[in-house]
Amino acid sequence: MREDVACLALNRLTPCYVRNPIDKGIHVDDSQYQRMTANVEVAIAEAVKQVLDRPRSDREAS
């Protein structure tokens, strides 16, 4: 389930390469970071709902 949630959530997000605090400080201001964090939370919540609504066992039987 964790892998499904991760894949679904990541597919909903805009790519942004931030690998450490230095990258974040250079490329992303605080308001952008807050929006990104909120978008991640929404994407994860939606992905969890999607996976729970249709578990892998249901998809494999289709």
# chains A, B, ... in the order shown; residues from 1 in each chain; ligands from 1
>>> residues_around(residues="A:Met36", least_positions_apart="5", cutoff="10 Å", atoms="only C-alpha atoms", output="list in words")
Leu13, Thr14, Cys16, Val28, Asp30, Ser31, Glu41 and Val42 of chain A
>>> atom_distance(atom1="atom CA of A:Arg54", atom2="atom CA of A:Thr37")
25.9 Å
>>> residues_around(residues="A:Pro55", least_positions_apart="6", cutoff="10 Å", atoms="only C-alpha atoms", output="list of chain:residue names")
A:Met1, A:Asp4, A:Lys49
>>> write_last_selection(atoms="all heavy atoms", output="PDB file, in the first residue's frame")
ATOM      1  N   MET A   1       0.826  -1.193   0.000  1.00  0.00           N
ATOM      2  CA  MET A   1       0.000   0.000   0.000  1.00  0.00           C
ATOM      3  C   MET A   1       0.870   1.256   0.000  1.00  0.00           C
ATOM      4  O   MET A   1       0.559   2.207  -0.682  1.00  0.00           O
ATOM      5  CB  MET A   1      -0.921  -0.022   1.204  1.00  0.00           C
ATOM      6  CG  MET A   1      -1.755   1.237   1.319  1.00  0.00           C
ATOM      7  SD  MET A   1      -2.864   1.166   2.709  1.00  0.00           S
ATOM      8  CE  MET A   1      -3.048   2.875   3.043  1.00  0.00           C
ATOM      9  N   ASP A   4       2.048   2.218  -3.458  1.00  0.00           N
ATOM     10  CA  ASP A   4       0.958   2.747  -4.282  1.00  0.00           C
ATOM     11  C   ASP A   4       0.666   4.195  -3.916  1.00  0.00           C
ATOM     12  O   ASP A   4       0.498   5.049  -4.796  1.00  0.00           O
ATOM     13  CB  ASP A   4      -0.309   1.909  -4.112  1.00  0.00           C
ATOM     14  CG  ASP A   4      -0.171   0.515  -4.689  1.00  0.00           C
ATOM     15  OD1 ASP A   4       0.607   0.341  -5.643  1.00  0.00           O
ATOM     16  OD2 ASP A   4      -0.839  -0.404  -4.179  1.00  0.00           O
ATOM     17  N   LYS A  49      -6.800   7.874   0.080  1.00  0.00           N
ATOM     18  CA  LYS A  49      -8.230   7.623  -0.170  1.00  0.00           C
ATOM     19  C   LYS A  49      -8.412   6.751  -1.402  1.00  0.00           C
ATOM     20  O   LYS A  49      -9.195   5.791  -1.386  1.00  0.00           O
ATOM     21  CB  LYS A  49      -8.981   8.934  -0.332  1.00  0.00           C
ATOM     22  CG  LYS A  49     -10.473   8.739  -0.561  1.00  0.00           C
ATOM     23  CD  LYS A  49     -11.191  10.053  -0.741  1.00  0.00           C
ATOM     24  CE  LYS A  49     -12.678   9.916  -0.961  1.00  0.00           C
ATOM     25  NZ  LYS A  49     -13.169   8.755  -1.621  1.00  0.00           N
TER      26      LYS A  49
END
>>> residues_around(residues="A:Arg2", least_positions_apart="6", cutoff="12 Å", atoms="only C-alpha atoms", output="list in words")
Leu8, Ala9, Ile44, Ala47, Val48, Val51, Leu52, Pro55 and Arg56 of chain A
>>> write_last_selection(atoms="N, CA, C and O atoms", output="compact mmCIF listing (two decimals), in the first residue's frame")
# COMPACT_ATOMS: atom_id res chain seq x y z
N LEU A 8 1.13 7.37 -6.49
CA LEU A 8 -0.01 8.21 -6.83
C LEU A 8 0.21 9.65 -6.39
O LEU A 8 -0.07 10.59 -7.15
N ALA A 9 0.72 9.84 -5.18
CA ALA A 9 0.95 11.20 -4.68
C ALA A 9 2.01 11.91 -5.51
O ALA A 9 1.83 13.08 -5.90
N ILE A 44 -1.01 13.34 -0.75
CA ILE A 44 -0.93 12.11 0.04
C ILE A 44 -2.33 11.70 0.52
O ILE A 44 -2.70 10.52 0.42
N ALA A 47 -4.25 10.27 -2.35
CA ALA A 47 -3.70 8.97 -2.75
C ALA A 47 -4.12 7.88 -1.76
O ALA A 47 -4.48 6.78 -2.18
N VAL A 48 -4.08 8.19 -0.48
CA VAL A 48 -4.51 7.22 0.53
C VAL A 48 -5.98 6.87 0.31
O VAL A 48 -6.36 5.69 0.32
N VAL A 51 -6.34 4.59 -2.76
CA VAL A 51 -5.87 3.22 -2.51
C VAL A 51 -6.85 2.48 -1.60
O VAL A 51 -7.16 1.31 -1.84
N LEU A 52 -7.37 3.16 -0.58
CA LEU A 52 -8.32 2.50 0.32
C LEU A 52 -9.65 2.21 -0.38
O LEU A 52 -10.29 1.20 -0.10
N PRO A 55 -8.46 -1.18 -3.25
CA PRO A 55 -7.22 -1.87 -2.90
C PRO A 55 -6.66 -2.68 -4.07
O PRO A 55 -7.36 -3.01 -5.01
N ARG A 56 -5.39 -2.97 -3.99
CA ARG A 56 -4.69 -3.71 -5.05
C ARG A 56 -5.40 -5.02 -5.38
O ARG A 56 -5.52 -5.39 -6.54
>>> atom_distance(atom1="atom CA of A:Cys7", atom2="atom CA of A:Gln32")
22.6 Å
>>> atom_distance(atom1="atom CA of A:Val5", atom2="atom CA of A:Asp53")
12.0 Å
>>> residues_around(residues="A:Tyr17", least_positions_apart="3", cutoff="9 Å", atoms="only C-alpha atoms", output="JSON, numbers by chain")
{"A": [23, 24, 27]}
>>> select_by_dssp(residues="chain A", states="alpha helix (DSSP H)", output="ChimeraX atom specification")
/A:2-12,21-27,30-53,56-61
>>> write_last_selection(atoms="N, CA and C atoms", output="CSV table (one decimal), in the first residue's frame")
chain,number,residue,atom,x,y,z
A,2,ARG,N,1.9,1.3,0.8
A,2,ARG,CA,2.8,2.4,0.9
A,2,ARG,C,3.3,2.9,-0.5
A,3,GLU,N,3.8,1.9,-1.3
A,3,GLU,CA,4.3,2.2,-2.6
A,3,GLU,C,3.3,2.8,-3.5
A,4,ASP,N,2.0,2.2,-3.5
A,4,ASP,CA,1.0,2.7,-4.3
A,4,ASP,C,0.7,4.2,-3.9
A,5,VAL,N,0.6,4.5,-2.6
A,5,VAL,CA,0.3,5.8,-2.2
A,5,VAL,C,1.4,6.8,-2.6
A,6,ALA,N,2.7,6.4,-2.5
A,6,ALA,CA,3.8,7.2,-2.9
A,6,ALA,C,3.7,7.5,-4.4
A,7,CYS,N,3.5,6.5,-5.2
A,7,CYS,CA,3.5,6.7,-6.6
A,7,CYS,C,2.3,7.6,-7.0
A,8,LEU,N,1.1,7.4,-6.5
A,8,LEU,CA,0.0,8.2,-6.8
A,8,LEU,C,0.2,9.7,-6.4
A,9,ALA,N,0.7,9.8,-5.2
A,9,ALA,CA,0.9,11.2,-4.7
A,9,ALA,C,2.0,11.9,-5.5
A,10,LEU,N,3.1,11.2,-5.8
A,10,LEU,CA,4.2,11.9,-6.6
A,10,LEU,C,3.7,12.2,-8.0
A,11,ASN,N,2.9,11.4,-8.6
A,11,ASN,CA,2.4,11.7,-9.9
A,11,ASN,C,1.5,13.0,-9.9
A,12,ARG,N,0.9,13.4,-8.8
A,12,ARG,CA,0.1,14.6,-8.7
A,12,ARG,C,0.9,15.9,-8.5
A,21,PRO,N,18.8,21.7,2.6
A,21,PRO,CA,18.4,23.1,2.9
A,21,PRO,C,19.0,24.2,2.1
A,22,ILE,N,20.2,24.0,1.6
A,22,ILE,CA,20.9,25.0,0.7
A,22,ILE,C,20.1,25.1,-0.6
A,23,ASP,N,19.7,24.0,-1.2
A,23,ASP,CA,18.9,24.1,-2.4
A,23,ASP,C,17.6,24.8,-2.2
A,24,LYS,N,17.0,24.5,-1.0
A,24,LYS,CA,15.7,25.1,-0.7
A,24,LYS,C,15.9,26.6,-0.6
A,25,GLY,N,16.9,27.0,0.1
A,25,GLY,CA,17.1,28.4,0.4
A,25,GLY,C,17.4,29.2,-0.9
A,26,ILE,N,18.0,28.6,-1.9
A,26,ILE,CA,18.4,29.2,-3.1
A,26,ILE,C,17.2,29.3,-4.1
A,27,HIS,N,16.4,28.2,-4.2
A,27,HIS,CA,15.4,28.0,-5.2
A,27,HIS,C,14.0,28.2,-4.8
A,30,ASP,N,9.9,31.1,1.3
A,30,ASP,CA,9.0,30.5,2.3
A,30,ASP,C,7.6,30.3,1.9
A,31,SER,N,7.0,31.2,1.1
A,31,SER,CA,5.6,31.0,0.7
A,31,SER,C,5.5,29.9,-0.3
A,32,GLN,N,6.5,29.8,-1.2
A,32,GLN,CA,6.5,28.6,-2.1
A,32,GLN,C,6.6,27.3,-1.4
A,33,TYR,N,7.5,27.3,-0.4
A,33,TYR,CA,7.7,26.1,0.4
A,33,TYR,C,6.4,25.7,1.1
A,34,GLN,N,5.7,26.7,1.7
A,34,GLN,CA,4.4,26.4,2.4
A,34,GLN,C,3.4,25.8,1.4
A,35,ARG,N,3.3,26.4,0.2
A,35,ARG,CA,2.4,25.9,-0.8
A,35,ARG,C,2.8,24.5,-1.2
A,36,MET,N,4.1,24.2,-1.4
A,36,MET,CA,4.5,22.9,-1.7
A,36,MET,C,4.2,21.9,-0.6
A,37,THR,N,4.4,22.3,0.6
A,37,THR,CA,4.1,21.4,1.7
A,37,THR,C,2.6,21.1,1.7
A,38,ALA,N,1.7,22.1,1.6
A,38,ALA,CA,0.3,21.9,1.5
A,38,ALA,C,-0.1,21.0,0.4
A,39,ASN,N,0.5,21.2,-0.8
A,39,ASN,CA,0.2,20.3,-2.0
A,39,ASN,C,0.6,18.9,-1.7
A,40,VAL,N,1.7,18.7,-1.0
A,40,VAL,CA,2.1,17.3,-0.7
A,40,VAL,C,1.1,16.7,0.3
A,41,GLU,N,0.7,17.4,1.3
A,41,GLU,CA,-0.3,16.9,2.2
A,41,GLU,C,-1.6,16.5,1.5
A,42,VAL,N,-2.1,17.3,0.6
A,42,VAL,CA,-3.3,17.0,-0.2
A,42,VAL,C,-3.1,15.8,-1.1
A,43,ALA,N,-2.0,15.8,-1.8
A,43,ALA,CA,-1.7,14.7,-2.7
A,43,ALA,C,-1.6,13.3,-1.9
A,44,ILE,N,-1.0,13.3,-0.8
A,44,ILE,CA,-0.9,12.1,0.0
A,44,ILE,C,-2.3,11.7,0.5
A,45,ALA,N,-3.1,12.6,1.0
A,45,ALA,CA,-4.5,12.3,1.5
A,45,ALA,C,-5.3,11.8,0.4
A,46,GLU,N,-5.2,12.4,-0.8
A,46,GLU,CA,-6.0,11.9,-1.9
A,46,GLU,C,-5.5,10.5,-2.4
A,47,ALA,N,-4.2,10.3,-2.4
A,47,ALA,CA,-3.7,9.0,-2.8
A,47,ALA,C,-4.1,7.9,-1.8
A,48,VAL,N,-4.1,8.2,-0.5
A,48,VAL,CA,-4.5,7.2,0.5
A,48,VAL,C,-6.0,6.9,0.3
A,49,LYS,N,-6.8,7.9,0.1
A,49,LYS,CA,-8.2,7.6,-0.2
A,49,LYS,C,-8.4,6.8,-1.4
A,50,GLN,N,-7.7,7.1,-2.5
A,50,GLN,CA,-7.8,6.3,-3.7
A,50,GLN,C,-7.4,4.8,-3.5
A,51,VAL,N,-6.3,4.6,-2.8
A,51,VAL,CA,-5.9,3.2,-2.5
A,51,VAL,C,-6.9,2.5,-1.6
A,52,LEU,N,-7.4,3.2,-0.6
A,52,LEU,CA,-8.3,2.5,0.3
A,52,LEU,C,-9.6,2.2,-0.4
A,53,ASP,N,-10.1,3.1,-1.3
A,53,ASP,CA,-11.3,2.9,-2.0
A,53,ASP,C,-11.2,1.7,-3.0
A,56,ARG,N,-5.4,-3.0,-4.0
A,56,ARG,CA,-4.7,-3.7,-5.1
A,56,ARG,C,-5.4,-5.0,-5.4
A,57,SER,N,-5.9,-5.7,-4.4
A,57,SER,CA,-6.6,-7.0,-4.6
A,57,SER,C,-7.8,-6.8,-5.6
A,58,ASP,N,-8.5,-5.7,-5.4
A,58,ASP,CA,-9.6,-5.4,-6.3
A,58,ASP,C,-9.1,-5.1,-7.7
A,59,ARG,N,-8.0,-4.4,-7.8
A,59,ARG,CA,-7.5,-4.1,-9.2
A,59,ARG,C,-7.0,-5.3,-9.9
A,60,GLU,N,-6.4,-6.2,-9.2
A,60,GLU,CA,-5.8,-7.4,-9.8
A,60,GLU,C,-6.9,-8.4,-10.3
A,61,ALA,N,-8.0,-8.3,-9.6
A,61,ALA,CA,-9.1,-9.2,-10.0
A,61,ALA,C,-9.8,-8.7,-11.3
